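Participant: Got a structure for you, written out below as structure tokens; questions coming shortly.
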Number of protein chains: 2
Amino acid sequence: MDDAVRERLQALRARMAQQGADLLAIGPGANMTWLLGFHPHPDERPCLLLVGPQREAFLMPALNAEGSRQNTDIAFHTWDDADGPDAALATALDDVGARDAKNVVVDEAMRADFALLVLDALPGSKHSFTDATLGALRMRKGEEEYRALKMNAGLADEAMQAAFAAVRAGMTEIELADIISENFESNGAKPLFRIVGAGANGAFPHHQTGDTVISPGDALVVDIGARKGTFSSDITRMIVVGEPPEGYQEVHAIVEAAVGAAMQAARPGVRASKVDAAARNVITEAGYGEYFVHRTGHGMGVEGHEPPYITSTSDVVLDTGMVFSIEPGIYLPGRFGIRLEDIVILREDGPEILSGLSRDAHFVQV
Amino acid sequence: MDDAVRERLQALRARMAQQGADLLAIGPGANMTWLLGFHPHPDERPCLLLVGPQREAFLMPALNAEGSRQNTDIAFHTWDDADGPDAALATALDDVGARDAKNVVVDEAMRADFALLVLDALPGSKHSFTDATLGALRMRKGEEEYRALKMNAGLADEAMQAAFAAVRAGMTEIELADIISENFESNGAKPLFRIVGAGANGAFPHHQTGDTVISPGDALVVDIGARKGTFSSDITRMIVVGEPPEGYQEVHAIVEAAVGAAMQAARPGVRASKVDAAARNVITEAGYGEYFVHRTGHGMGVEGHEPPYITSTSDVVLDTGMVFSIEPGIYLPGRFGIRLEDIVILREDGPEILSGLSRDAHFVQV
């Protein structure tokens, strides 16, 4: 086991002890990638890392044992298709000292049957998710993670600028999205999403980019991200083709003011809900509260969406090193939508924005 | 709601009644795609289709409601980030008549937190997975699904033949895998996996294709699949470069005999475990039982792996229209592995193989 993994396991156990958790169970996915630097082949065969108070062990499908052994020296309790996982799970729970675990931390993102396999084997136990343990650790990024995120943000800026350069009335949403993807790919990044919402489509926050033709008078929501290495990017900017639709400038200014208010509110020691409130108040006071239908932001790391979530109900206390989006929006059905999104890392004196691009709309002549 | 969806919901309720289930909860994923023909944007926001005895309804993140509305007229109980899903879940459970559900069928593949949200809201309820309800229906394919699977199998045959034509000593595993991917892509199919395990690497059933150079005397396990449309392909064939390794021909013949025995055993009315036993007995009697470390096969449909699983413990009674793989293997650590895999659809008189390729090894001169 390398030192970084050992340190993360140690920090995790300290958090578990604080929370009174006597077992943590995670499946192949982002939580495991963060903790161990890899995860075994994910499929329907139960595969779990079990972390007990002193020891950790894998419940491991025999089929994947040899392949996974190349990545870790953690103990494996293997099971094969003929026997099923129950016996191996029992010995694994014994091994990690969690045969009678009462407070189980469950990987919220793993398959339901993986979680219920563990919980059904520990009748009477209570469960929680990883927010206060592994999740709390994952939220604070180190400088190496910062550099990887900053590099990705630079690639997203370049892809957005490629869209600015290429966009024309008469093009479809997908054609513009493909230009963005090609730019990412030319830099070795894998496109993850490319929302191009033209005109009234922009009023769907998660519009499915399609064959809608971009027309004069359209405002376009362009929300893109790609992955290079372990981390990824996420940025939203606006394009206006020809004359902006009625009310556009006013609404853009309100969303921009909401971004600014959230940036001002985001400081170490402040609850995430205060940042959401800062953005939301600006929009509500301007009379558009009912059209801001989502949270203000989400964390970003090994996953594109991860804690801290910047919501009206989040009790997470922000701290230095946390990376999250600030992305308020106003969505006017049948007319247009406006979202402005930046990823920030929280520093002692406030958020550092990873992107170098202005949040002003890019105007295209027709 | 179109007629096909209505029919599937009706058939599902009949199965639920048989099983005494009073609620089924599924998340955005393959089960929902099978049932409704679409699924909403999947993320960490709880999104569930709840099917009660008479009615069905969605627990739906407000953010995705308008986008999803384009695909279905099922009732939505929306929740927004500010409020969280609890209240909307309660009204949705009321709506579908499942406020006091005792027997809940849970989508095994959905996120753990989605499943626990429902189960925690129904204290004292019991849970099971979809095997006997939705899963039982998904297993039997209609003729339209058959045609889509057969088309995909044809593309996989072509990609495998491209590998046969291109393979040379001196090439790396990844180079061969890329030729396979390019062939799939040239036919509009998206590569899903391409295991190329050369020499001793072939003894890892799920070998991670890498930079190992293919050398004279290597046997290569080539297990590939791609997706075109809703369905996909999955086939494994062997390539031998130069002189086969010692014992190769004997072991290949045993694996081929195991395939044949499974094909003979697979008939409507027979338990899946009997098919596994037929293949396994051949290998065990030949003295290689300990080297056949996985099940004999898996179903295939909207997912690449789905029921029926052909395992030593599966009680599923095979029926016409079921589609599954038959893929015994023998893995000799440090030497080589041999797996031969075909996808079949079960007909009245036995399995129809979707591939047109011989299972003989492809021999390459050096």
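Ordering of the structure tokens sets the chain letters (A, B, ...); residue numbers start at 1 within each chain; ligands are numbered from 1 in the order shown.
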Please provide as a PyMOL selection string all residues within 6 Å of stretch 316-321 of chain B, with the sequence filter that same-chain residues fewer than 6 positions apart are discarded (counting only C-alpha atoms).
Facilitator: chain B and resi 140-141+268-272+345-347
Participant: Considering only C-alpha atoms, tabulate each residue of chain B that lies at most 6 Å from chain A along with its nearest interatomic pair and the corresponding distance in Å to one decimal; arrange the rows by chain and ascending residue number and present them as CSV.
Facilitator:
residue,atom,partner,partner_atom,distance
B:Asp81,CA,A:Arg295,CA,5.6
B:Ala82,CA,A:Ser312,CA,5.1
B:Glu108,CA,A:Asp113,CA,4.8
B:Ala109,CA,A:Arg111,CA,5.0
B:Met110,CA,A:Arg111,CA,5.5
B:Arg111,CA,A:Ala109,CA,5.0
B:Ala112,CA,A:Ala112,CA,4.0
B:Asp113,CA,A:Glu108,CA,4.8
B:Ala115,CA,A:Ala112,CA,5.9
B:His294,CA,A:Asp81,CA,5.8
B:Arg295,CA,A:Asp81,CA,5.6
B:Ser312,CA,A:Ala82,CA,5.1
Participant: Residues within 9 Å of A:Ala278, please, as a list in words. Count only C-alpha atoms; anything in the same chain fewer than 2 positions from it doesn't count.
Facilitator: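 Result of the neighbour search: Ala258, Val259, Gly260, Ala261, Ala262, Met263, Gln264, Ala265, Ser273, Lys274, Val275, Asp276, Arg280, Asn281 and Val282 of chain A.
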Participant: Let's see if you can do this: from backbone DSSP, list all strand (DSSP E or B) residues in stretch 57-126 of chain B, as an MDAnalysis selection string.
Facilitator: chainID B and resid 57:61 75:79 103:106 111 126
Participant: Selected residues, C-alpha atoms, written as an mmCIF file, in the first residue's frame, please.
Facilitator:
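Contents of result03.cif, freshly written:
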data_model
loop_
_atom_site.group_PDB
_atom_site.id
_atom_site.type_symbol
_atom_site.label_atom_id
_atom_site.label_comp_id
_atom_site.auth_asym_id
_atom_site.auth_seq_id
_atom_site.Cartn_x
_atom_site.Cartn_y
_atom_site.Cartn_z
ATOM 1 C CA ALA B 57 -45.942 7.858 -10.807
ATOM 2 C CA PHE B 58 -42.525 9.457 -10.908
ATOM 3 C CA LEU B 59 -40.613 11.024 -8.071
ATOM 4 C CA MET B 60 -38.902 13.624 -10.251
ATOM 5 C CA PRO B 61 -36.252 16.286 -9.636
ATOM 6 C CA ALA B 75 -47.694 11.682 -13.271
ATOM 7 C CA PHE B 76 -44.702 13.562 -11.824
ATOM 8 C CA HIS B 77 -44.234 14.386 -8.164
ATOM 9 C CA THR B 78 -41.508 16.958 -8.446
ATOM 10 C CA TRP B 79 -39.117 18.182 -5.805
ATOM 11 C CA ASN B 103 -43.332 -5.962 -0.131
ATOM 12 C CA VAL B 104 -41.192 -3.633 -2.168
ATOM 13 C CA VAL B 105 -39.435 -4.644 -5.349
ATOM 14 C CA VAL B 106 -36.260 -2.593 -5.648
ATOM 15 C CA ARG B 111 -28.053 3.930 -6.564
ATOM 16 C CA LYS B 126 -39.509 -6.209 3.067
#
Participant: Quick one: distance from atom CA of A:Glu7 to atom CA of A:Trp34 in Å, one decimal?
Facilitator: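 Answer for the atom CA of A:Glu7 to atom CA of A:Trp34 separation: 12.2 Å.
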Participant: For B:Gly97, please output as a list in words all residues within 9 Å (counting only C-alpha atoms; exclusion window: fewer than 6 positions along the same chain).
Facilitator: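 Listing them by chain and then by number gives Asp22, Leu23, Gly52, Pro53, Gln54 and Arg55 of chain B.
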Participant: Can you tell me how far atom CA of A:Gly199 sits from atom CA of A:Asp218, in Å to one decimal?
Facilitator: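 A separation of 4.5 Å between them.
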Participant: Which residues are near A:Phe231? Cut-off 9 Å, only C-alpha atoms, ignore same chain within fewer than 3 positions. Put them as a list in words.
Facilitator: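 Contacts, with the query itself left out: Glu145, Ala148, Leu149, Asn152, Ala226, Arg227, Lys228, Met300, Gly301, Val302, Glu303 and Gly304 of chain A.
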Participant: I'd like the neighbourhood of B:His252 as an MDAnalysis selection string, where a residue qualifies if any of its atoms comes within 7 Å (using only C-alpha atoms), though same-chain residues fewer than 4 positions away should be ignored.
Facilitator: chainID B and resid 248 256 338
Participant: Could you tell me, as JSON, numbers by chain, which residues of stretch 91-327 of chain B DSSP assigns to alpha helix (DSSP H) when given the backbone?
Facilitator: {"B": [91, 92, 93, 94, 95, 112, 113, 114, 115, 116, 117, 118, 119, 120, 121, 134, 135, 136, 137, 138, 139, 143, 144, 145, 146, 147, 148, 149, 150, 151, 152, 153, 154, 155, 156, 157, 158, 159, 160, 161, 162, 163, 164, 165, 166, 173, 174, 175, 176, 177, 178, 179, 180, 181, 182, 183, 184, 185, 186, 248, 249, 250, 251, 252, 253, 254, 255, 256, 257, 258, 259, 260, 261, 262, 263, 264, 265, 272, 273, 274, 275, 276, 277, 278, 279, 280, 281, 282, 283, 284, 285]}
Participant: Which residue gives the smallest distance to B:Ala156 among B:Leu49, B:Ala14, B:Leu122, B:Ala189, with only C-alpha atoms counted?
Facilitator: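 Looking only at the distances to B:Ala156, the closest residue turns out to be B:Ala189.
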Participant: One decimal, Å: what's the distance from atom CA of A:Phe193 over to atom CA of B:Val118, could you say?
Facilitator: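 Here the two named atoms are 29.5 Å from each other.
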Participant: Can you tell me which residues surround B:Gly242 at a distance of at most 9 Å, considering only C-alpha atoms, apart from same-chain residues fewer than 5 positions away, and format the answer as a list in words?
Facilitator: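 Result of the neighbour search: Ala169, Ser215, Pro216, Gly217, Asp218, Ala219, Phe363, Val364, Gln365 and Val366 of chain B.
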